[in-house]
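Accompanying notes for the structure given below.
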Protein chains: 2
Amino acid sequence: MIVKQVSQVLDLLEFFAHRREPANPSEIARHFAWPRSSTFNLVQTLVERGYLYEPKPRQGYYPTPRWLSLAQEISAAEPLPEEVNRLLRDLAEITGETVGITAASGTHVVFLEVIPSRHPIAYQAYVGKQLPLHATASGQAILSQMPPSQVASLLRRTVFERYGEGTPMSIEEIETQIKQSLHRGWFSSASAYTQDLGGVAVPLVLNGRIFSFTVAGPLFRIGNHMDVIARQMHEGVSRHLGPDYFATHVPNLYRLPVGSAS
Amino acid sequence: MIVKQVSQVLDLLEFFAHRREPANPSEIARHFAWPRSSTFNLVQTLVERGYLYEPKPRQGYYPTPRWLSLAQEISAAEPLPEEVNRLLRDLAEITGETVGITAASGTHVVFLEVIPSRHPIAYQAYVGKQLPLHATASGQAILSQMPPSQVASLLRRTVFERYGEGTPMSIEEIETQIKQSLHRGWFSSASAYTQDLGGVAVPLVLNGRIFSFTVAGPLFRIGNHMDVIARQMHEGVSRHLGPDYFATHVPNLYRLPVGSAS
DNA sequence: TAAAAATGTCCATGTTCATGGACAAATAGG
DNA sequence: CCTATTTGTCCATGAACATGGACATTTTTA
């Protein structure tokens, strides 16, 4: 069950993240087509808790830095290593496509970090975006590093739905894809969940946590050279996480021959 | 009216900021003594919106970095200048007391930035904390820089309540205090709103926005030398914002003779 | 300065969702 | 492997709050 008032808090937070300036309750009510009185209650609650304030009387409310201070505390607890961020920036530069780090969340994966592509036509991902675990390159990369019992339990709960031509439709199909991908050294998907989207992913294991390092873009642009991208990703991992990274941390994964890097 | 479910979202966010590790819905329910089913609905809503995720199955949920990314966008829009942060760090160091920046929010002030004192007994403030505008050093410092019409409108809406011995109980009293404080060069309060608390504040005007720069601590420690603290604050402002800062930006304020600083 | 418009506040009522108990599934313990 | 315990899901009912209309206040326009 979706709790409406909870959703509204999130809507409001996203609203301010886009708008970047104070807004009146009336404006907010108009924007979302919410009843004015409900909007006032919502705003008032956030004000009393110190999450919104009114910088100038009657000029509107704006979120306080309290959001930032809590979010920083929360994210400080499970940070991605700085090398990973460098790796992402590097590959965003090299490939020009959207790159990101995802982690498992139940039967889905969530983006924990995203660098959007500079192309006008590109894969639109954002931190918090979710994808099904079984039908995406990222998801399969993550599954490939989980203990088999856990994989089995997750796949049992999966509801198979045909999102596109490439969607795998059975547990066996997924297990085969994972095995082949491990053997090949990289995971891919093509119109498996998102139409016209191609994704290339490799698993990363950091402090015992499993992630996927993912590059994704329109199929027409990357469909023909996913192998090149995979190679670039392996080289990136080698440069930023060390030449032995896969050997020591993701030993099941075939290691593409890496040209450069000491 | 306080919307309960909105409050609960905030409670949960604060819960994770303290806890810093994943929690099961059951644990959350136990911690807050919320019914389990309500807790599940709340968690589920946040999960579906990409604000919580489940790093490992059955090991609990944790907030995604989406909070951070939105909070950063929001706070990037109205940042405090870096000099102000340096000023705060400097005075936290010099005075050893809790220092902060506050801004007006209706008839209250909110803390936008806080550096907590290192003393075990100290003033406990946090970003988002609110105080009444009329009965605190911070609030009066801010009022002192507002156009008189706005001050009048705010004070008209003020409900006078005796919080402590020092609480001003009439509009005239407040106006007198403000006038005297401007003339003296700093604002103070002693057990005016918070029992046993002493505060010293000076107004800052940055890009047309009015703030208060505040140092506060237990009266027994600072009651006898608020003038020294005020002097240190003036010197800090002079060092970090420039020797002419008050003259050019807060001209109504008497400027304490500043020893050092070019 | 008066009238109009917009914004903010209040309130009775109906809808939504929180509640807690009952059931199912998963995990831990014997 | 069976039992006990914990965790998660489902559901009917009653309480909390969203709704929208009416009123008050403030701001804008004439």
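Each chain in the structure tokens gets a letter, A, B and so on, in the order shown; residues start at 1 in every chain, and ligands are counted from 1 in the order they appear.
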
(request) Would you kindly report the residues of chain C within 10 Å of chain B, using only C-alpha atoms (C1' of nucleotides), as a PyMOL selection string? (result) chain C and resi 17-20+26

Going by DSSP on the backbone, which residues of range 38-260 of chain A come out as alpha helix (DSSP H)? List them as a compact mmCIF listing (two decimals) with N, CA and C atoms, in the first residue's frame.
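Generated file (selection_34.txt):
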# COMPACT_ATOMS: atom_id res chain seq x y z
N SER A 38 -4.97 21.06 2.52
CA SER A 38 -4.08 19.92 2.74
C SER A 38 -2.63 20.35 2.58
N THR A 39 -2.40 21.16 1.56
CA THR A 39 -1.03 21.64 1.31
C THR A 39 -0.52 22.43 2.52
N PHE A 40 -1.40 23.24 3.09
CA PHE A 40 -0.98 24.00 4.26
C PHE A 40 -0.61 23.09 5.42
N ASN A 41 -1.40 22.04 5.61
CA ASN A 41 -1.08 21.11 6.68
C ASN A 41 0.28 20.46 6.46
N LEU A 42 0.51 20.04 5.25
CA LEU A 42 1.78 19.41 4.91
C LEU A 42 2.95 20.36 5.17
N VAL A 43 2.81 21.57 4.65
CA VAL A 43 3.87 22.56 4.81
C VAL A 43 4.08 22.87 6.29
N GLN A 44 2.99 23.05 6.99
CA GLN A 44 3.10 23.39 8.41
C GLN A 44 3.84 22.30 9.19
N THR A 45 3.53 21.06 8.87
CA THR A 45 4.20 19.96 9.56
C THR A 45 5.70 20.01 9.32
N LEU A 46 6.07 20.23 8.07
CA LEU A 46 7.50 20.29 7.75
C LEU A 46 8.17 21.50 8.40
N VAL A 47 7.43 22.59 8.49
CA VAL A 47 7.98 23.79 9.13
C VAL A 47 8.22 23.51 10.61
N GLU A 48 7.21 22.94 11.26
CA GLU A 48 7.35 22.73 12.71
C GLU A 48 8.47 21.77 13.05
N ARG A 66 18.68 21.14 6.93
CA ARG A 66 18.55 19.95 7.77
C ARG A 66 18.51 18.68 6.92
N TRP A 67 17.84 18.75 5.78
CA TRP A 67 17.82 17.61 4.87
C TRP A 67 19.24 17.20 4.53
N LEU A 68 20.03 18.22 4.18
CA LEU A 68 21.41 17.93 3.78
C LEU A 68 22.18 17.32 4.93
N SER A 69 21.98 17.88 6.11
CA SER A 69 22.81 17.40 7.21
C SER A 69 22.45 15.96 7.57
N LEU A 70 21.18 15.61 7.52
CA LEU A 70 20.81 14.22 7.78
C LEU A 70 21.27 13.30 6.65
N ALA A 71 21.06 13.74 5.42
CA ALA A 71 21.44 12.90 4.28
C ALA A 71 22.95 12.63 4.29
N GLN A 72 23.71 13.63 4.72
CA GLN A 72 25.15 13.42 4.79
C GLN A 72 25.52 12.40 5.85
N GLU A 73 24.84 12.49 6.99
CA GLU A 73 25.12 11.49 8.03
C GLU A 73 24.80 10.09 7.54
N ILE A 74 23.66 9.98 6.86
CA ILE A 74 23.23 8.68 6.37
C ILE A 74 24.19 8.12 5.33
N SER A 75 24.60 8.97 4.42
CA SER A 75 25.44 8.48 3.34
C SER A 75 26.89 8.30 3.77
N ALA A 76 27.26 9.02 4.82
CA ALA A 76 28.63 8.85 5.33
C ALA A 76 28.82 7.42 5.84
N ALA A 77 27.72 6.79 6.25
CA ALA A 77 27.83 5.47 6.86
C ALA A 77 28.18 4.39 5.86
N GLU A 82 36.26 6.38 -2.98
CA GLU A 82 36.56 7.46 -3.91
C GLU A 82 37.08 6.94 -5.25
N GLU A 83 37.80 5.83 -5.23
CA GLU A 83 38.29 5.26 -6.50
C GLU A 83 37.14 4.93 -7.43
N VAL A 84 36.03 4.48 -6.83
CA VAL A 84 34.88 4.13 -7.67
C VAL A 84 34.34 5.37 -8.37
N ASN A 85 34.30 6.47 -7.65
CA ASN A 85 33.85 7.70 -8.28
C ASN A 85 34.77 8.12 -9.41
N ARG A 86 36.06 7.97 -9.18
CA ARG A 86 37.01 8.30 -10.25
C ARG A 86 36.79 7.39 -11.45
N LEU A 87 36.58 6.11 -11.16
CA LEU A 87 36.31 5.15 -12.22
C LEU A 87 35.11 5.59 -13.05
N LEU A 88 34.06 6.01 -12.37
CA LEU A 88 32.85 6.44 -13.07
C LEU A 88 33.13 7.66 -13.94
N ARG A 89 33.78 8.64 -13.36
CA ARG A 89 34.06 9.86 -14.12
C ARG A 89 34.89 9.52 -15.36
N ASP A 90 35.83 8.64 -15.15
CA ASP A 90 36.72 8.23 -16.24
C ASP A 90 35.90 7.60 -17.37
N LEU A 91 35.04 6.67 -17.01
CA LEU A 91 34.30 5.99 -18.07
C LEU A 91 33.19 6.83 -18.68
N ALA A 92 32.68 7.77 -17.91
CA ALA A 92 31.71 8.71 -18.48
C ALA A 92 32.41 9.49 -19.58
N GLU A 93 33.63 9.86 -19.29
CA GLU A 93 34.46 10.61 -20.25
C GLU A 93 34.75 9.77 -21.49
N ILE A 94 35.22 8.57 -21.27
CA ILE A 94 35.65 7.71 -22.38
C ILE A 94 34.48 7.28 -23.26
N THR A 95 33.41 6.83 -22.63
CA THR A 95 32.30 6.28 -23.42
C THR A 95 31.31 7.34 -23.86
N ALA A 137 21.28 -5.99 -17.33
CA ALA A 137 22.69 -6.33 -17.24
C ALA A 137 23.19 -6.11 -15.80
N SER A 138 22.80 -4.97 -15.23
CA SER A 138 23.22 -4.66 -13.86
C SER A 138 22.77 -5.73 -12.90
N GLY A 139 21.52 -6.11 -13.01
CA GLY A 139 20.96 -7.08 -12.09
C GLY A 139 21.65 -8.42 -12.20
N GLN A 140 21.87 -8.86 -13.42
CA GLN A 140 22.51 -10.16 -13.59
C GLN A 140 23.95 -10.12 -13.09
N ALA A 141 24.61 -8.99 -13.29
CA ALA A 141 25.97 -8.88 -12.78
C ALA A 141 25.97 -9.06 -11.27
N ILE A 142 25.00 -8.47 -10.62
CA ILE A 142 24.91 -8.58 -9.16
C ILE A 142 24.57 -10.02 -8.75
N LEU A 143 23.58 -10.59 -9.42
CA LEU A 143 23.19 -11.96 -9.12
C LEU A 143 24.38 -12.91 -9.24
N PRO A 148 24.41 -19.04 -4.35
CA PRO A 148 23.34 -19.67 -5.13
C PRO A 148 21.99 -19.74 -4.40
N SER A 149 22.02 -19.98 -3.10
CA SER A 149 20.76 -20.10 -2.36
C SER A 149 19.99 -18.78 -2.41
N GLN A 150 20.75 -17.70 -2.27
CA GLN A 150 20.12 -16.39 -2.30
C GLN A 150 19.55 -16.08 -3.68
N VAL A 151 20.33 -16.45 -4.71
CA VAL A 151 19.87 -16.24 -6.08
C VAL A 151 18.57 -17.01 -6.29
N ALA A 152 18.56 -18.25 -5.84
CA ALA A 152 17.38 -19.08 -6.02
C ALA A 152 16.17 -18.43 -5.35
N SER A 153 16.36 -17.96 -4.12
CA SER A 153 15.25 -17.36 -3.39
C SER A 153 14.74 -16.11 -4.09
N LEU A 154 15.66 -15.33 -4.63
CA LEU A 154 15.24 -14.11 -5.33
C LEU A 154 14.49 -14.44 -6.62
N LEU A 155 15.06 -15.40 -7.37
CA LEU A 155 14.43 -15.71 -8.66
C LEU A 155 13.07 -16.37 -8.47
N ARG A 156 12.92 -17.07 -7.36
CA ARG A 156 11.63 -17.68 -7.09
C ARG A 156 10.55 -16.61 -6.92
N ARG A 157 10.96 -15.50 -6.34
CA ARG A 157 9.98 -14.43 -6.10
C ARG A 157 9.75 -13.54 -7.32
N ILE A 171 13.64 -18.94 -15.16
CA ILE A 171 14.80 -19.01 -14.27
C ILE A 171 15.99 -19.63 -15.01
N GLU A 172 15.72 -20.67 -15.77
CA GLU A 172 16.82 -21.35 -16.48
C GLU A 172 17.51 -20.39 -17.45
N GLU A 173 16.70 -19.64 -18.18
CA GLU A 173 17.25 -18.71 -19.15
C GLU A 173 18.20 -17.71 -18.46
N ILE A 174 17.76 -17.23 -17.30
CA ILE A 174 18.58 -16.26 -16.57
C ILE A 174 19.87 -16.92 -16.10
N GLU A 175 19.76 -18.13 -15.57
CA GLU A 175 20.96 -18.80 -15.07
C GLU A 175 21.96 -19.05 -16.20
N THR A 176 21.44 -19.41 -17.36
CA THR A 176 22.32 -19.60 -18.51
C THR A 176 23.00 -18.28 -18.90
N GLN A 177 22.21 -17.22 -18.96
CA GLN A 177 22.78 -15.92 -19.33
C GLN A 177 23.88 -15.52 -18.36
N ILE A 178 23.63 -15.76 -17.07
CA ILE A 178 24.64 -15.38 -16.08
C ILE A 178 25.92 -16.18 -16.27
N LYS A 179 25.75 -17.48 -16.48
CA LYS A 179 26.92 -18.33 -16.65
C LYS A 179 27.74 -17.89 -17.87
N GLN A 180 27.03 -17.66 -18.97
CA GLN A 180 27.73 -17.24 -20.19
C GLN A 180 28.42 -15.89 -20.01
N SER A 181 27.74 -14.99 -19.32
CA SER A 181 28.30 -13.66 -19.14
C SER A 181 29.55 -13.70 -18.27
N LEU A 182 29.51 -14.49 -17.21
CA LEU A 182 30.70 -14.64 -16.36
C LEU A 182 31.85 -15.15 -17.22
N HIS A 183 31.54 -16.09 -18.06
CA HIS A 183 32.56 -16.71 -18.90
C HIS A 183 33.12 -15.72 -19.91
N ARG A 184 32.26 -14.80 -20.35
CA ARG A 184 32.66 -13.81 -21.35
C ARG A 184 33.38 -12.64 -20.69
N LEU A 219 20.50 1.73 -27.95
CA LEU A 219 21.03 0.59 -28.70
C LEU A 219 21.67 1.01 -30.02
N PHE A 220 21.06 1.97 -30.70
CA PHE A 220 21.59 2.35 -32.02
C PHE A 220 23.01 2.88 -31.93
N ARG A 221 23.37 3.39 -30.73
CA ARG A 221 24.71 3.94 -30.60
C ARG A 221 25.69 2.92 -30.03
N ILE A 222 25.21 2.06 -29.12
CA ILE A 222 26.19 1.16 -28.49
C ILE A 222 26.02 -0.31 -28.88
N MET A 226 29.39 -3.19 -27.90
CA MET A 226 29.36 -3.47 -26.46
C MET A 226 30.67 -4.11 -26.01
N ASP A 227 31.26 -4.91 -26.88
CA ASP A 227 32.52 -5.55 -26.52
C ASP A 227 33.62 -4.51 -26.28
N VAL A 228 33.58 -3.44 -27.09
CA VAL A 228 34.59 -2.38 -26.90
C VAL A 228 34.37 -1.70 -25.55
N ILE A 229 33.11 -1.43 -25.27
CA ILE A 229 32.79 -0.78 -23.98
C ILE A 229 33.22 -1.68 -22.82
N ALA A 230 32.91 -2.96 -22.94
CA ALA A 230 33.30 -3.91 -21.88
C ALA A 230 34.80 -3.86 -21.67
N ARG A 231 35.54 -3.83 -22.76
CA ARG A 231 37.00 -3.74 -22.68
C ARG A 231 37.43 -2.47 -21.96
N GLN A 232 36.77 -1.36 -22.32
CA GLN A 232 37.11 -0.08 -21.68
C GLN A 232 36.79 -0.13 -20.18
N MET A 233 35.71 -0.83 -19.84
CA MET A 233 35.35 -0.93 -18.42
C MET A 233 36.38 -1.75 -17.67
N HIS A 234 36.79 -2.85 -18.26
CA HIS A 234 37.83 -3.67 -17.62
C HIS A 234 39.11 -2.87 -17.44
N GLU A 235 39.45 -2.12 -18.45
CA GLU A 235 40.67 -1.31 -18.35
C GLU A 235 40.53 -0.26 -17.26
N GLY A 236 39.33 0.32 -17.18
CA GLY A 236 39.07 1.32 -16.14
C GLY A 236 39.20 0.71 -14.75
N VAL A 237 38.61 -0.45 -14.57
CA VAL A 237 38.69 -1.12 -13.27
C VAL A 237 40.15 -1.40 -12.94
N SER A 238 40.87 -1.86 -13.93
CA SER A 238 42.28 -2.15 -13.74
C SER A 238 43.05 -0.90 -13.31
N ARG A 239 42.78 0.22 -13.94
CA ARG A 239 43.47 1.47 -13.63
C ARG A 239 43.11 1.99 -12.25
N HIS A 240 41.81 1.94 -11.93
CA HIS A 240 41.36 2.64 -10.72
C HIS A 240 41.29 1.74 -9.49
N LEU A 241 41.02 0.46 -9.69
CA LEU A 241 40.92 -0.45 -8.54
C LEU A 241 42.11 -1.39 -8.46
N TYR A 245 42.33 -6.49 -9.37
CA TYR A 245 41.04 -6.37 -8.70
C TYR A 245 40.11 -7.54 -8.98
N PHE A 246 39.86 -7.82 -10.24
CA PHE A 246 38.94 -8.91 -10.57
C PHE A 246 39.47 -10.26 -10.06
N ALA A 247 40.78 -10.45 -10.24
CA ALA A 247 41.37 -11.73 -9.81
C ALA A 247 41.16 -11.96 -8.31
N THR A 248 41.29 -10.91 -7.52
CA THR A 248 41.23 -11.10 -6.07
C THR A 248 39.83 -10.93 -5.50
N HIS A 249 38.99 -10.14 -6.17
CA HIS A 249 37.69 -9.84 -5.59
C HIS A 249 36.51 -10.46 -6.33

Proximity check chain D to chain B, 10 Å, nearest pairs one decimal Å, only C-alpha atoms (C1' of nucleotides), as a tab-separated table:
residue	atom	partner	partner_atom	distance
D:DT6	C1'	B:Ser26	CA	9.4
D:DT7	C1'	B:Ser26	CA	7.1
D:DG8	C1'	B:Phe40	CA	8.7
D:DT9	C1'	B:Ser37	CA	8.5
D:DC10	C1'	B:Ser37	CA	9.5
D:DA16	C1'	B:Lys4	CA	8.7
D:DC17	C1'	B:Val3	CA	7.6

(request) Could you give me, as a ChimeraX atom specification, the residues within 10 Å of range 10-15 of chain C, counting only C-alpha atoms (C1' of nucleotides) and dropping anything in the same chain fewer than 6 positions from it? (result) /A:37 /D:17-19,21-24

Atoms to include: C-alpha atoms (C1' of nucleotides). Write the selected residues as a PDB file, in the first residue's frame.
ATOM      1  CA  SER A  37      -5.819  23.274   3.035  1.00  0.00           C
TER       2      SER A  37
ATOM      3  C1'  DC D  17      -7.088  13.742   8.178  1.00  0.00           C
ATOM      4  C1'  DA D  18      -8.057  15.270   3.235  1.00  0.00           C
ATOM      5  C1'  DT D  19     -11.520  17.751   1.165  1.00  0.00           C
ATOM      6  C1'  DG D  21     -16.401  25.624   0.809  1.00  0.00           C
ATOM      7  C1'  DA D  22     -16.863  29.754   3.715  1.00  0.00           C
ATOM      8  C1'  DC D  23     -14.550  33.375   5.965  1.00  0.00           C
ATOM      9  C1'  DA D  24     -10.537  36.541   7.164  1.00  0.00           C
TER      10       DA D  24
END

(request) Have a look at CA of Gly96 in chain B and CA of Ala216 in chain B and let me know their distance in Å, one decimal. (result)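 Atom-to-atom, CA of Gly96 in chain B and CA of Ala216 in chain B are spaced 9.9 Å apart.
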
(request) Show which residues sit within 8 Å of range 2-9 of chain C, as number ranges by chain. Count only C-alpha atoms (C1' of nucleotides), and ignore same-chain residues fewer than 3 positions away. (result) A: 26; D: 24-30

How would the residues just picked look written out with all heavy atoms as a CSV table (one decimal), in the first residue's frame?
chain,number,residue,atom,x,y,z
A,26,SER,N,0.3,28.2,-1.7
A,26,SER,CA,-0.6,28.3,-2.8
A,26,SER,C,0.0,27.9,-4.1
A,26,SER,O,-0.7,27.1,-4.9
A,26,SER,CB,-1.1,29.8,-3.0
A,26,SER,OG,-1.6,30.3,-1.8
D,24,DA,P,-15.4,36.5,8.7
D,24,DA,OP1,-15.8,36.8,10.1
D,24,DA,OP2,-15.9,37.3,7.6
D,24,DA,O5',-13.8,36.5,8.6
D,24,DA,C5',-13.0,35.7,9.4
D,24,DA,C4',-11.6,36.0,9.2
D,24,DA,O4',-11.2,35.5,7.9
D,24,DA,C3',-11.2,37.5,9.2
D,24,DA,O3',-10.1,37.7,10.0
D,24,DA,C2',-11.0,37.9,7.8
D,24,DA,C1',-10.5,36.5,7.2
D,24,DA,N9,-10.9,36.3,5.8
D,24,DA,C8,-12.1,36.4,5.2
D,24,DA,N7,-12.1,36.1,3.9
D,24,DA,C5,-10.8,35.8,3.6
D,24,DA,C6,-10.1,35.4,2.4
D,24,DA,N6,-10.7,35.3,1.3
D,24,DA,N1,-8.8,35.2,2.5
D,24,DA,C2,-8.2,35.4,3.7
D,24,DA,N3,-8.7,35.7,4.9
D,24,DA,C4,-10.0,35.9,4.8
D,25,DT,P,-9.5,39.1,10.3
D,25,DT,OP1,-9.0,39.0,11.7
D,25,DT,OP2,-10.5,40.1,9.9
D,25,DT,O5',-8.2,39.2,9.4
D,25,DT,C5',-7.2,38.1,9.4
D,25,DT,C4',-6.4,38.3,8.2
D,25,DT,O4',-7.1,38.1,7.0
D,25,DT,C3',-5.8,39.8,8.0
D,25,DT,O3',-4.4,39.7,8.1
D,25,DT,C2',-6.3,40.2,6.6
D,25,DT,C1',-6.6,38.9,5.9
D,25,DT,N1,-7.6,38.9,4.8
D,25,DT,C2,-7.1,38.5,3.6
D,25,DT,O2,-6.0,38.2,3.3
D,25,DT,N3,-8.1,38.6,2.6
D,25,DT,C4,-9.4,38.9,2.8
D,25,DT,O4,-10.2,38.9,1.8
D,25,DT,C5,-9.8,39.3,4.1
D,25,DT,C7,-11.2,39.7,4.4
D,25,DT,C6,-8.9,39.3,5.1
D,26,DT,P,-3.5,40.9,8.2
D,26,DT,OP1,-2.4,40.6,9.2
D,26,DT,OP2,-4.3,42.1,8.3
D,26,DT,O5',-2.8,41.0,6.7
D,26,DT,C5',-2.2,39.9,6.2
D,26,DT,C4',-2.0,40.0,4.7
D,26,DT,O4',-3.4,40.0,4.1
D,26,DT,C3',-1.4,41.3,4.3
D,26,DT,O3',-0.2,40.9,3.6
D,26,DT,C2',-2.4,42.0,3.4
D,26,DT,C1',-3.3,40.8,3.0
D,26,DT,N1,-4.7,41.2,2.6
D,26,DT,C2,-5.1,40.9,1.3
D,26,DT,O2,-4.4,40.4,0.5
D,26,DT,N3,-6.4,41.2,1.0
D,26,DT,C4,-7.3,41.8,1.9
D,26,DT,O4,-8.5,42.0,1.6
D,26,DT,C5,-6.8,42.0,3.2
D,26,DT,C7,-7.7,42.6,4.3
D,26,DT,C6,-5.5,41.7,3.5
D,27,DT,P,0.9,42.0,3.1
D,27,DT,OP1,2.2,41.4,3.1
D,27,DT,OP2,0.5,43.3,3.7
D,27,DT,O5',0.4,42.1,1.5
D,27,DT,C5',0.5,40.9,0.7
D,27,DT,C4',-0.1,41.2,-0.6
D,27,DT,O4',-1.5,41.5,-0.5
D,27,DT,C3',0.6,42.4,-1.3
D,27,DT,O3',1.0,42.0,-2.6
D,27,DT,C2',-0.6,43.4,-1.4
D,27,DT,C1',-1.8,42.5,-1.4
D,27,DT,N1,-3.1,43.1,-0.9
D,27,DT,C2,-4.2,43.1,-1.7
D,27,DT,O2,-4.2,42.6,-2.9
D,27,DT,N3,-5.3,43.6,-1.2
D,27,DT,C4,-5.4,44.2,0.1
D,27,DT,O4,-6.5,44.7,0.4
D,27,DT,C5,-4.2,44.3,0.8
D,27,DT,C7,-4.3,44.9,2.2
D,27,DT,C6,-3.1,43.7,0.3
D,28,DT,P,1.8,43.0,-3.6
D,28,DT,OP1,2.9,42.2,-4.2
D,28,DT,OP2,2.1,44.2,-2.9
D,28,DT,O5',0.7,43.2,-4.7
D,28,DT,C5',0.0,42.1,-5.3
D,28,DT,C4',-1.1,42.7,-6.2
D,28,DT,O4',-2.2,43.2,-5.3
D,28,DT,C3',-0.7,43.8,-7.1
D,28,DT,O3',-1.1,43.4,-8.4
D,28,DT,C2',-1.5,45.0,-6.6
D,28,DT,C1',-2.7,44.4,-5.9
D,28,DT,N1,-3.3,45.2,-4.7
D,28,DT,C2,-4.6,45.4,-4.8
D,28,DT,O2,-5.3,45.1,-5.7
D,28,DT,N3,-5.1,46.1,-3.7
D,28,DT,C4,-4.4,46.6,-2.6
D,28,DT,O4,-4.9,47.2,-1.7
D,28,DT,C5,-3.0,46.2,-2.6
D,28,DT,C7,-2.1,46.7,-1.5
D,28,DT,C6,-2.5,45.6,-3.7
D,29,DT,P,-0.8,44.3,-9.7
D,29,DT,OP1,-0.5,43.4,-10.8
D,29,DT,OP2,0.2,45.3,-9.3
D,29,DT,O5',-2.1,45.1,-10.0
D,29,DT,C5',-3.3,44.3,-10.1
D,29,DT,C4',-4.5,45.2,-10.2
D,29,DT,O4',-4.8,45.8,-8.9
D,29,DT,C3',-4.3,46.4,-11.1
D,29,DT,O3',-5.4,46.4,-12.1
D,29,DT,C2',-4.3,47.7,-10.2
D,29,DT,C1',-5.1,47.2,-9.0
D,29,DT,N1,-4.8,47.8,-7.7
D,29,DT,C2,-5.9,48.3,-7.0
D,29,DT,O2,-7.1,48.2,-7.3
D,29,DT,N3,-5.5,48.8,-5.8
D,29,DT,C4,-4.3,49.0,-5.3
D,29,DT,O4,-4.1,49.5,-4.2
D,29,DT,C5,-3.2,48.5,-6.1
D,29,DT,C7,-1.8,48.5,-5.6
D,29,DT,C6,-3.5,47.9,-7.3
D,30,DA,P,-5.5,47.6,-13.2
D,30,DA,OP1,-6.0,46.9,-14.4
D,30,DA,OP2,-4.2,48.3,-13.3
D,30,DA,O5',-6.6,48.5,-12.6
D,30,DA,C5',-7.8,47.9,-12.1
D,30,DA,C4',-8.7,49.0,-11.6
D,30,DA,O4',-8.2,49.5,-10.3
D,30,DA,C3',-8.8,50.3,-12.5
D,30,DA,O3',-10.1,50.8,-12.6
D,30,DA,C2',-7.9,51.3,-11.8
D,30,DA,C1',-8.0,50.9,-10.3
D,30,DA,N9,-6.8,51.1,-9.5
D,30,DA,C8,-5.5,50.9,-9.8
D,30,DA,N7,-4.7,51.2,-8.8
D,30,DA,C5,-5.6,51.7,-7.8
D,30,DA,C6,-5.3,52.2,-6.5
D,30,DA,N6,-4.1,52.3,-6.0
D,30,DA,N1,-6.4,52.6,-5.8
D,30,DA,C2,-7.6,52.5,-6.3
D,30,DA,N3,-8.0,52.0,-7.5
D,30,DA,C4,-6.9,51.7,-8.2

(request) Identify which of the residues A:Arg30, A:Lys129, A:Arg118, A:His225 lies closest to chain B, counting only C-alpha atoms when measuring atom-to-atom distances. (result)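 The closest residue to chain B is A:Lys129.
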
(request) From the DSSP assignment of the backbone, select every residue of range 15-209 of chain B that is strand (DSSP E), and format the answer as a ChimeraX atom specification. (result) /B:52-53,62-63,98-105,108-115,130-132,187-190,197-206,209

(request) Name the closest residue to chain A among the candidates B:Val250, B:Ala23, B:Ala103, B:Ala135; distances are taken between atoms, counting only C-alpha atoms. (result)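 The closest residue to chain A is B:Ala103.
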
(request) Would you work out the distance separating CA of Pro243 in chain A from CA of Asn207 in chain A, expressed in Å to one decimal? (result) 17.5 Å

(request) For CA of His18 in chain B and CA of Val127 in chain A, quote the distance in Å rounded to one decimal. (result)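 So the answer is 22.2 Å.
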
(message) Nearest residue to chain B out of A:Leu197, A:Ala122, A:Ala29, A:Ile210, using only C-alpha atoms?
(response) A:Ile210

(request) Find the residue from B:Ser189, B:Glu165, B:Val99, B:Gly208 that sits nearest to chain A; use only C-alpha atoms when measuring. (result)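 Result for the nearest residue to chain A: B:Gly208.
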